[in-house]
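So this one's protein_21.pdb, PDB, C-alpha atoms:
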ATOM      1  CA  MET M 716      -4.533   0.114   9.648
ATOM      2  CA  ASN M 717      -4.935   1.309  13.220
ATOM      3  CA  SER M 718      -7.658   3.703  12.126
ATOM      4  CA  ALA M 719      -9.518   0.804  10.502
ATOM      5  CA  ILE M 720      -9.101  -1.411  13.583
ATOM      6  CA  ARG M 721     -10.345   1.374  15.840
ATOM      7  CA  SER M 722     -13.357   1.900  13.605
ATOM      8  CA  VAL M 723     -14.203  -1.816  13.440
ATOM      9  CA  VAL M 724     -13.994  -2.211  17.210
ATOM     10  CA  ARG M 725     -15.945   0.866  18.215
ATOM     11  CA  TYR M 726     -18.605   0.523  15.521
ATOM     12  CA  ALA M 727     -19.091  -3.157  16.405
ATOM     13  CA  VAL M 728     -19.308  -2.371  20.123
ATOM     14  CA  PHE M 729     -21.889   0.307  19.270
ATOM     15  CA  HIS M 730     -23.948  -2.549  17.786
ATOM     16  CA  GLN M 731     -23.284  -4.697  20.878
ATOM     17  CA  ILE M 732     -20.967  -7.067  18.998
ATOM     18  CA  SER M 733     -17.933  -8.532  20.750
ATOM     19  CA  VAL M 734     -14.596  -8.131  18.964
ATOM     20  CA  VAL M 735     -11.487 -10.287  19.171
ATOM     21  CA  GLY M 736      -8.167  -9.010  17.884
ATOM     22  CA  VAL M 737      -5.671 -11.408  16.298
ATOM     23  CA  SER M 738      -2.004 -10.601  16.776
ATOM     24  CA  TYR M 739       0.502 -11.410  14.015
ATOM     25  CA  GLY M 740      -2.046 -12.014  11.282
ATOM     26  CA  TYR M 741      -2.667 -15.541  10.022
ATOM     27  CA  GLN M 742       0.071 -16.884  12.271
ATOM     28  CA  GLY M 743      -1.964 -15.560  15.164
ATOM     29  CA  LEU M 744      -4.953 -17.586  13.979
ATOM     30  CA  VAL M 745      -2.826 -20.737  13.965
ATOM     31  CA  ASP M 746      -1.238 -19.984  17.354
ATOM     32  CA  LYS M 747      -4.520 -18.779  18.899
ATOM     33  CA  ASN M 748      -2.954 -15.408  19.659
ATOM     34  CA  PHE M 749      -6.269 -13.726  20.463
ATOM     35  CA  ARG M 750      -7.246 -10.813  22.666
ATOM     36  CA  ASP M 751     -10.589  -9.229  23.463
ATOM     37  CA  LEU M 752     -10.907  -5.682  22.200
ATOM     38  CA  GLY M 753     -13.135  -3.012  23.660
ATOM     39  CA  ARG M 754     -13.419   0.723  23.158
ATOM     40  CA  LYS M 755     -10.551   1.561  25.514
ATOM     41  CA  ASP M 756      -8.235  -0.976  23.896
ATOM     42  CA  VAL M 757      -8.168   1.076  20.704
ATOM     43  CA  SER M 758      -7.690   4.472  22.339
ATOM     44  CA  ASN M 759      -4.797   6.636  21.147
ATOM     45  CA  ILE M 760      -3.839   4.471  18.164
ATOM     46  CA  ILE M 761      -5.371   6.451  15.302
ATOM     47  CA  ASN M 762      -2.201   8.532  14.914
ATOM     48  CA  LEU M 763       0.168   5.542  14.840
ATOM     49  CA  GLY M 764       1.520   3.904  11.708
ATOM     50  CA  GLY M 765       1.450   0.164  11.099
ATOM     51  CA  THR M 766      -0.827  -1.939  13.308
ATOM     52  CA  PHE M 767      -0.798  -2.224  17.075
ATOM     53  CA  LEU M 768      -1.936  -5.835  16.687
ATOM     54  CA  LYS M 769       1.329  -6.622  14.868
ATOM     55  CA  THR M 770       1.610  -8.504  11.607
ATOM     56  CA  ALA M 771       3.749 -11.297  10.186
ATOM     57  CA  ARG M 772       4.103 -13.514   7.155
ATOM     58  CA  SER M 773       2.838 -17.006   7.956
ATOM     59  CA  GLN M 774       4.314 -19.987   6.160
ATOM     60  CA  ASP M 775       2.189 -22.271   8.331
ATOM     61  CA  PHE M 776      -1.026 -20.934   6.821
ATOM     62  CA  PHE M 777      -0.081 -22.366   3.424
ATOM     63  CA  ASP M 778      -0.604 -25.818   4.974
ATOM     64  CA  LYS M 779      -4.226 -26.990   5.100
ATOM     65  CA  ARG M 780      -3.597 -28.672   8.453
ATOM     66  CA  ALA M 781      -2.628 -25.303   9.919
ATOM     67  CA  ARG M 782      -5.721 -23.710   8.427
ATOM     68  CA  LYS M 783      -7.857 -26.418  10.037
ATOM     69  CA  LYS M 784      -6.204 -25.614  13.341
ATOM     70  CA  ALA M 785      -6.931 -21.921  12.817
ATOM     71  CA  TYR M 786     -10.568 -22.706  12.064
ATOM     72  CA  LYS M 787     -10.845 -24.836  15.208
ATOM     73  CA  ASN M 788      -9.276 -22.074  17.301
ATOM     74  CA  MET M 789     -11.769 -19.537  16.007
ATOM     75  CA  VAL M 790     -14.814 -21.742  16.556
ATOM     76  CA  GLU M 791     -13.678 -22.661  20.079
ATOM     77  CA  SER M 792     -13.223 -18.973  20.849
ATOM     78  CA  GLY M 793     -16.719 -18.109  19.684
ATOM     79  CA  ILE M 794     -15.582 -16.195  16.609
ATOM     80  CA  ASP M 795     -18.177 -16.422  13.846
ATOM     81  CA  SER M 796     -16.681 -14.113  11.183
ATOM     82  CA  TYR M 797     -13.549 -12.096  10.621
ATOM     83  CA  ILE M 798     -12.199  -8.989   8.953
ATOM     84  CA  VAL M 799      -8.803  -9.147   7.299
ATOM     85  CA  ILE M 800      -6.817  -5.967   6.690
ATOM     86  CA  GLY M 801      -4.063  -6.373   4.124
ATOM     87  CA  GLY M 802      -2.957  -6.711   0.530
ATOM     88  CA  ASN M 803      -3.292  -9.285  -2.200
ATOM     89  CA  GLY M 804      -1.608 -12.082  -0.248
ATOM     90  CA  SER M 805      -3.869 -11.553   2.759
ATOM     91  CA  TYR M 806      -6.898 -11.532   0.483
ATOM     92  CA  ARG M 807      -5.905 -14.776  -1.219
ATOM     93  CA  GLY M 808      -5.468 -16.443   2.152
ATOM     94  CA  ALA M 809      -8.893 -15.207   3.217
ATOM     95  CA  LEU M 810     -10.504 -16.498   0.030
ATOM     96  CA  VAL M 811      -8.983 -19.966   0.451
ATOM     97  CA  PHE M 812     -10.056 -20.074   4.096
ATOM     98  CA  ASN M 813     -13.581 -19.006   3.176
ATOM     99  CA  ARG M 814     -13.920 -21.651   0.482
ATOM    100  CA  GLU M 815     -12.593 -24.446   2.690
ATOM    101  CA  PHE M 816     -14.677 -23.728   5.773
ATOM    102  CA  ASP M 817     -17.451 -21.421   4.519
ATOM    103  CA  PHE M 818     -16.286 -18.949   7.149
ATOM    104  CA  PRO M 819     -17.564 -15.360   6.643
ATOM    105  CA  VAL M 820     -14.821 -12.874   5.825
ATOM    106  CA  VAL M 821     -14.622  -9.260   4.689
ATOM    107  CA  GLY M 822     -11.407  -7.655   3.509
ATOM    108  CA  ILE M 823     -10.183  -4.095   4.008
ATOM    109  CA  PRO M 824      -7.464  -3.160   1.472
ATOM    110  CA  ALA M 825      -4.202  -2.047   3.078
ATOM    111  CA  THR M 826      -1.112  -1.783   0.910
ATOM    112  CA  ILE M 827       1.112   1.143   0.002
ATOM    113  CA  ASP M 828       1.285  -0.197  -3.579
ATOM    114  CA  ASN M 829      -2.407   0.626  -4.179
ATOM    115  CA  ASP M 830      -2.638  -2.499  -6.331
ATOM    116  CA  ILE M 831      -5.855  -4.151  -5.122
ATOM    117  CA  ALA M 832      -8.332  -4.652  -7.947
ATOM    118  CA  GLY M 833     -11.741  -3.019  -7.600
ATOM    119  CA  THR M 834     -10.720  -0.107  -5.388
ATOM    120  CA  GLN M 835      -9.301   3.282  -6.262
ATOM    121  CA  GLU M 836      -7.596   3.671  -2.886
ATOM    122  CA  THR M 837      -5.946   1.388  -0.348
ATOM    123  CA  LEU M 838      -4.964   2.153   3.231
ATOM    124  CA  GLY M 839      -1.387   3.386   3.508
ATOM    125  CA  PHE M 840      -0.937   4.575  -0.062
ATOM    126  CA  ASP M 841      -1.600   8.248   0.626
ATOM    127  CA  THR M 842       0.712   8.249   3.647
ATOM    128  CA  ALA M 843       3.507   6.525   1.725
ATOM    129  CA  LEU M 844       3.011   8.926  -1.175
ATOM    130  CA  ASN M 845       3.330  11.948   1.084
ATOM    131  CA  THR M 846       6.461  10.500   2.680
ATOM    132  CA  ALA M 847       8.021   9.979  -0.745
ATOM    133  CA  MET M 848       7.027  13.473  -1.859
ATOM    134  CA  GLU M 849       8.567  15.032   1.247
ATOM    135  CA  ALA M 850      11.842  13.222   0.543
ATOM    136  CA  ILE M 851      11.777  14.324  -3.104
ATOM    137  CA  ASP M 852      11.272  17.950  -2.045
ATOM    138  CA  LYS M 853      14.318  17.787   0.233
ATOM    139  CA  ILE M 854      16.506  16.072  -2.344
ATOM    140  CA  ARG M 855      15.500  18.643  -4.960
ATOM    141  CA  ASP M 856      17.058  21.364  -2.799
ATOM    142  CA  THR M 857      20.408  19.586  -3.043
ATOM    143  CA  ALA M 858      19.975  18.790  -6.734
ATOM    144  CA  TYR M 859      19.219  22.429  -7.532
ATOM    145  CA  SER M 860      21.982  23.867  -5.343
ATOM    146  CA  MET M 861      24.700  21.574  -6.742
ATOM    147  CA  ASP M 862      23.440  21.084 -10.321
ATOM    148  CA  ARG M 863      23.104  17.342  -9.851
ATOM    149  CA  ILE M 864      21.051  14.539 -11.302
ATOM    150  CA  PHE M 865      19.302  12.371  -8.735
ATOM    151  CA  LEU M 866      17.704   8.986  -9.266
ATOM    152  CA  ILE M 867      15.264   8.493  -6.401
ATOM    153  CA  GLU M 868      14.001   4.942  -5.862
ATOM    154  CA  VAL M 869      10.571   4.633  -4.286
ATOM    155  CA  MET M 870       8.788   1.464  -3.226
ATOM    156  CA  GLY M 871       6.606  -0.509  -5.593
ATOM    157  CA  ARG M 872       7.584  -4.106  -6.290
ATOM    158  CA  LYS M 873       5.142  -4.668  -9.126
ATOM    159  CA  SER M 874       3.196  -1.430  -9.087
ATOM    160  CA  GLY M 875       4.318   1.972 -10.286
ATOM    161  CA  ALA M 876       1.624   3.813  -8.317
ATOM    162  CA  ILE M 877       3.872   5.523  -5.758
ATOM    163  CA  ALA M 878       6.433   6.359  -8.441
ATOM    164  CA  VAL M 879       3.927   7.909 -10.842
ATOM    165  CA  HIS M 880       2.015   9.906  -8.247
ATOM    166  CA  SER M 881       5.117  11.116  -6.385
ATOM    167  CA  ALA M 882       6.815  12.076  -9.658
ATOM    168  CA  LEU M 883       3.874  14.239 -10.648
ATOM    169  CA  ALA M 884       3.393  15.694  -7.162
ATOM    170  CA  GLY M 885       7.133  16.266  -6.702
ATOM    171  CA  GLY M 886       7.747  17.862 -10.084
ATOM    172  CA  ALA M 887      10.148  15.168 -11.283
ATOM    173  CA  GLU M 888      11.661  15.400 -14.739
ATOM    174  CA  ASP M 889      11.441  11.719 -15.596
ATOM    175  CA  ILE M 890      10.121   8.406 -14.334
ATOM    176  CA  ILE M 891      10.901   4.700 -14.689
ATOM    177  CA  ILE M 892       8.336   2.071 -13.684
ATOM    178  CA  PRO M 893       7.793  -1.671 -14.286
ATOM    179  CA  GLY M 894       6.426  -2.461 -17.725
ATOM    180  CA  ILE M 895       7.620   0.706 -19.405
ATOM    181  CA  GLU M 896      11.012   0.306 -21.048
ATOM    182  CA  LYS M 897      13.308   3.312 -21.013
ATOM    183  CA  ASP M 898      16.940   2.964 -22.081
ATOM    184  CA  ILE M 899      19.888   5.052 -20.924
ATOM    185  CA  GLU M 900      20.224   6.805 -24.267
ATOM    186  CA  THR M 901      16.625   8.082 -24.146
ATOM    187  CA  VAL M 902      17.068   9.465 -20.627
ATOM    188  CA  LEU M 903      20.496  10.897 -21.464
ATOM    189  CA  GLN M 904      19.236  12.742 -24.526
ATOM    190  CA  LYS M 905      16.461  14.299 -22.500
ATOM    191  CA  VAL M 906      18.919  15.446 -19.835
ATOM    192  CA  LYS M 907      21.256  16.904 -22.461
ATOM    193  CA  GLN M 908      18.373  18.727 -24.131
ATOM    194  CA  GLY M 909      17.358  20.170 -20.795
ATOM    195  CA  ARG M 910      20.872  21.389 -20.087
ATOM    196  CA  LYS M 911      20.952  23.183 -23.426
ATOM    197  CA  THR M 912      18.034  25.242 -22.216
ATOM    198  CA  GLY M 913      19.770  25.997 -18.899
ATOM    199  CA  LYS M 914      18.247  23.239 -16.763
ATOM    200  CA  LYS M 915      21.116  21.923 -14.628
ATOM    201  CA  SER M 916      19.380  19.772 -11.991
ATOM    202  CA  TRP M 917      17.282  16.705 -12.734
ATOM    203  CA  ILE M 918      15.072  14.367 -10.698
ATOM    204  CA  ILE M 919      14.281  10.863 -11.990
ATOM    205  CA  ILE M 920      11.843   8.756  -9.973
ATOM    206  CA  VAL M 921      12.378   4.997 -10.228
ATOM    207  CA  ALA M 922       9.995   2.323  -8.961
ATOM    208  CA  GLU M 923      11.957  -0.410  -7.181
ATOM    209  CA  GLY M 924      10.190  -3.083  -9.217
ATOM    210  CA  SER M 925      11.807  -1.845 -12.413
ATOM    211  CA  GLY M 926      15.191  -2.973 -11.099
ATOM    212  CA  LYS M 927      16.916  -0.238 -13.061
ATOM    213  CA  THR M 928      18.065   2.283 -10.463
ATOM    214  CA  LEU M 929      21.738   1.332 -10.231
ATOM    215  CA  THR M 930      22.018   0.307 -13.880
ATOM    216  CA  MET M 931      20.621   3.630 -15.041
ATOM    217  CA  ALA M 932      22.870   5.571 -12.655
ATOM    218  CA  GLU M 933      25.991   3.732 -13.819
ATOM    219  CA  GLY M 934      25.058   4.323 -17.445
ATOM    220  CA  LEU M 935      24.483   8.039 -16.944
ATOM    221  CA  ARG M 936      27.781   8.437 -15.054
ATOM    222  CA  LYS M 937      29.656   7.479 -18.215
ATOM    223  CA  TYR M 938      28.569  10.796 -19.658
ATOM    224  CA  ILE M 939      27.668  12.953 -16.657
ATOM    225  CA  ASP M 940      29.682  13.153 -13.429
ATOM    226  CA  ASP M 941      27.160  14.495 -10.946
ATOM    227  CA  VAL M 942      24.722  11.582 -10.763
ATOM    228  CA  ARG M 943      23.510  10.451  -7.351
ATOM    229  CA  VAL M 944      21.178   7.698  -6.131
ATOM    230  CA  THR M 945      18.816   7.849  -3.166
ATOM    231  CA  VAL M 946      16.747   4.852  -2.081
ATOM    232  CA  ILE M 947      13.960   6.033   0.216
ATOM    233  CA  GLY M 948      13.156   2.468   1.276
ATOM    234  CA  HIS M 949      11.086   1.418   4.273
ATOM    235  CA  VAL M 950      10.673   4.974   5.561
ATOM    236  CA  GLN M 951       7.635   4.941   3.269
ATOM    237  CA  ARG M 952       6.010   2.142   5.263
ATOM    238  CA  GLY M 953       5.851   3.950   8.606
ATOM    239  CA  GLY M 954       5.142   7.275  10.232
ATOM    240  CA  ASN M 955       1.978   9.056  11.231
ATOM    241  CA  PRO M 956      -0.836   8.292   8.798
ATOM    242  CA  SER M 957      -2.183  11.135   6.696
ATOM    243  CA  ALA M 958      -5.590  12.654   7.379
ATOM    244  CA  PHE M 959      -6.944  10.964   4.261
ATOM    245  CA  ASP M 960      -5.748   7.521   5.388
ATOM    246  CA  ARG M 961      -7.283   8.010   8.832
ATOM    247  CA  ILE M 962     -10.629   8.946   7.303
ATOM    248  CA  LEU M 963     -10.358   6.083   4.802
ATOM    249  CA  GLY M 964      -9.685   3.613   7.624
ATOM    250  CA  ALA M 965     -12.590   4.893   9.687
ATOM    251  CA  ARG M 966     -15.084   4.657   6.842
ATOM    252  CA  MET M 967     -13.819   1.302   5.568
ATOM    253  CA  GLY M 968     -13.926  -0.157   9.076
ATOM    254  CA  LYS M 969     -17.568   0.824   9.441
ATOM    255  CA  ALA M 970     -18.359  -0.529   5.963
ATOM    256  CA  ALA M 971     -16.733  -3.881   6.831
ATOM    257  CA  VAL M 972     -18.874  -4.323   9.948
ATOM    258  CA  ASP M 973     -21.985  -3.308   8.022
ATOM    259  CA  ALA M 974     -21.127  -5.860   5.337
ATOM    260  CA  LEU M 975     -21.015  -8.695   7.868
ATOM    261  CA  LEU M 976     -24.216  -7.483   9.512
ATOM    262  CA  ASN M 977     -25.872  -7.583   6.088
ATOM    263  CA  GLY M 978     -24.854 -11.203   5.521
ATOM    264  CA  LYS M 979     -21.839 -10.734   3.253
ATOM    265  CA  ARG M 980     -19.617 -13.816   3.553
ATOM    266  CA  HIS M 981     -16.773 -13.425   1.058
ATOM    267  CA  HIS M 982     -16.492  -9.777   0.183
ATOM    268  CA  ALA M 983     -14.086  -6.842   0.171
ATOM    269  CA  ILE M 984     -14.441  -3.159   0.894
ATOM    270  CA  GLY M 985     -13.349  -0.778  -1.832
ATOM    271  CA  TRP M 986     -13.240   2.972  -2.351
ATOM    272  CA  VAL M 987     -14.787   4.348  -5.542
ATOM    273  CA  ASN M 988     -15.871   7.900  -6.329
ATOM    274  CA  ASP M 989     -15.227   9.152  -2.800
ATOM    275  CA  GLY M 990     -17.157   6.460  -1.001
ATOM    276  CA  PRO M 991     -16.947   2.826   0.217
ATOM    277  CA  ILE M 992     -18.285  -0.061  -1.858
ATOM    278  CA  ILE M 993     -18.738  -3.779  -1.176
ATOM    279  CA  TYR M 994     -17.786  -6.283  -3.857
ATOM    280  CA  PRO M 995     -16.843  -9.996  -4.128
ATOM    281  CA  LEU M 996     -13.492 -10.959  -2.656
ATOM    282  CA  ARG M 997     -12.750 -13.091  -5.722
ATOM    283  CA  ASP M 998     -12.769  -9.905  -7.813
ATOM    284  CA  ALA M 999     -10.372  -8.179  -5.432
ATOM    285  CA  VAL M1000      -7.636 -10.792  -5.907
ATOM    286  CA  GLN M1001      -7.542 -10.318  -9.670
ATOM    287  CA  TYR M1002      -4.618  -8.491 -11.242
ATOM    288  CA  LYS M1003      -5.190  -4.736 -11.189
ATOM    289  CA  LYS M1004      -4.559  -3.281 -14.615
ATOM    290  CA  GLU M1005      -3.383   0.274 -14.287
ATOM    291  CA  ASP M1006      -2.929   2.730 -17.112
ATOM    292  CA  PHE M1007      -0.448   5.398 -16.076
ATOM    293  CA  SER M1008      -0.015   6.788 -19.590
ATOM    294  CA  LYS M1009      -1.850  10.047 -18.901
ATOM    295  CA  PHE M1010       0.220  10.638 -15.766
ATOM    296  CA  ILE M1011       3.457   9.981 -17.639
ATOM    297  CA  GLU M1012       2.447  12.181 -20.560
ATOM    298  CA  LEU M1013       1.719  15.038 -18.163
ATOM    299  CA  ILE M1014       5.035  14.544 -16.338
ATOM    300  CA  GLN M1015       6.843  14.819 -19.699
ATOM    301  CA  VAL M1016       4.914  17.935 -20.723
ATOM    302  CA  LEU M1017       5.533  19.672 -17.386
ATOM    303  CA  THR M1018       9.276  18.943 -17.361
TER
END
Just give me the structure as structure tokens.
Amino acid sequence: MNSAIRSVVRYAVFHQISVVGVSYGYQGLVDKNFRDLGRKDVSNIINLGGTFLKTARSQDFFDKRARKKAYKNMVESGIDSYIVIGGNGSYRGALVFNREFDFPVVGIPATIDNDIAGTQETLGFDTALNTAMEAIDKIRDTAYSMDRIFLIEVMGRKSGAIAVHSALAGGAEDIIIPGIEKDIETVLQKVKQGRKTGKKSWIIIVAEGSGKTLTMAEGLRKYIDDVRVTVIGHVQRGGNPSAFDRILGARMGKAAVDALLNGKRHHAIGWVNDGPIIYPLRDAVQYKKEDFSKFIELIQVLT
């Protein structure tokens, strides 16, 4: 997100446009937590994870009275449009705000779940994926050395994107994600078959949204002793952003400013076929249907 903020600020300043940063997201709009941003204010942030402007969930913004206050704050401060960087919840808030006050907004997708409709990539996904893959590589060393089975839980409340991509990149033997049922017996039989061929260690990637990590581990322990669980957790949400995410943020930030300059009032920036696109914000808040079948088939074949 810092790469995107840096790009927005410096590209806007290049076009002689003043930029105001809002701290703590929508709550900052309500509380008028604004600060002027110039080129120097965004120096040395491109390598930092998260957002230097801070973020927060705002219950106040669900109340129309609070949104009216936010609108008043922005008008009084001379703000005539805004760019929101976030996931589906942030986009929905932006769409409601736009419809109520006809206030121009452009969204930049930032979520490690990569679950925004209309875009192939979201800010943070590649970094989170690499963090998960690094952890899987390290755990595999232990699994191989001690002939153990590891269930590794990665983030993904409703999306299996991190799980599927990290399983393929990390050479996992099996995967469990939301929406794809897999019982203990099926997994157990696969493990047993692998051990007959001399395969002693086993890595199973589990998306947190499946809710099956502990249940699966307990079930497998009834038949196999050396079963361990590792939950990578919020480590995936921080750390230095990958080169791809930095480039993505820079190009999306520029595209967002260009969109506003070209009169777009309720749009989102996406990434399709290695380049930025601009499309309606209402399309971005739709449910993203993902077909991971080809990934899963390949994971099974390569086991």
For this file, the PyMOL selection byres ((chain M and resi 872) around 9) selects which residues, as a PDB file with C-alpha atoms, keeping the file's coordinate frame?
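Output contents, as saved in expr_30.pdb:
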ATOM      1  CA  ASP M 828       1.285  -0.197  -3.579  1.00  0.00           C
ATOM      2  CA  MET M 870       8.788   1.464  -3.226  1.00  0.00           C
ATOM      3  CA  GLY M 871       6.606  -0.509  -5.593  1.00  0.00           C
ATOM      4  CA  LYS M 873       5.142  -4.668  -9.126  1.00  0.00           C
ATOM      5  CA  SER M 874       3.196  -1.430  -9.087  1.00  0.00           C
ATOM      6  CA  GLY M 875       4.318   1.972 -10.286  1.00  0.00           C
ATOM      7  CA  PRO M 893       7.793  -1.671 -14.286  1.00  0.00           C
ATOM      8  CA  ALA M 922       9.995   2.323  -8.961  1.00  0.00           C
ATOM      9  CA  GLU M 923      11.957  -0.410  -7.181  1.00  0.00           C
ATOM     10  CA  GLY M 924      10.190  -3.083  -9.217  1.00  0.00           C
ATOM     11  CA  SER M 925      11.807  -1.845 -12.413  1.00  0.00           C
TER      12      SER M 925
END
Selection: 12 Å around Leu1013 in chain M, only C-alpha atoms, excl. self and same-chain fewer than 5 positions, as a PyMOL selection string | chain M and resi 879-880+882-884+886-890+1007-1008+1018
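Note that CA of Thr945 in chain M and CA of Arg855 in chain M are 11.4 Å apart.
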Shortest interatomic distance to Ala825 in chain M - which of M:Ile867, M:Leu838, M:Val811, M:Leu975, counting only C-alpha atoms | M:Leu838
Could you spell out the hits of the PyMOL selection byres ((chain M and resi 901) around 12) on the shown file, as a count of residues only?
-> 18
Might you pull out every residue within 9 Å of Ile992 in chain M, with all atoms listed in the file counted and same-chain residues fewer than 6 positions away left off, and present them as a ChimeraX atom specification?
-> /M:834,967,970,983-986
Selected residue, from M:Asp775, M:Asp960, M:Asp756, M:Glu791, that lies nearest to Val728 in chain M when counting only C-alpha atoms = M:Asp756
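Contact shell of Ala809 in chain M at 10 Å (only C-alpha atoms; same-chain neighbours under 6 positions omitted): Tyr741, Tyr797, Ile798, Val799, Asn803, Glu815, Phe818, Pro819, Val820, Val821, Gly822, His981, His982, Leu996 and Arg997 of chain M.
Within the 6 Å cut-off around Thr837 in chain M, using only C-alpha atoms and omitting residues fewer than 4 positions from it on the same chain, the listed residues are Pro824, Ala825, Thr826 and Asn829 of chain M.
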Quick one: residues within 10 Å of (-3.2, -10.8, -10.5) (file frame), counting all atoms listed in the file, please, as a ChimeraX atom specification.
-> /M:803,830-832,998-1004
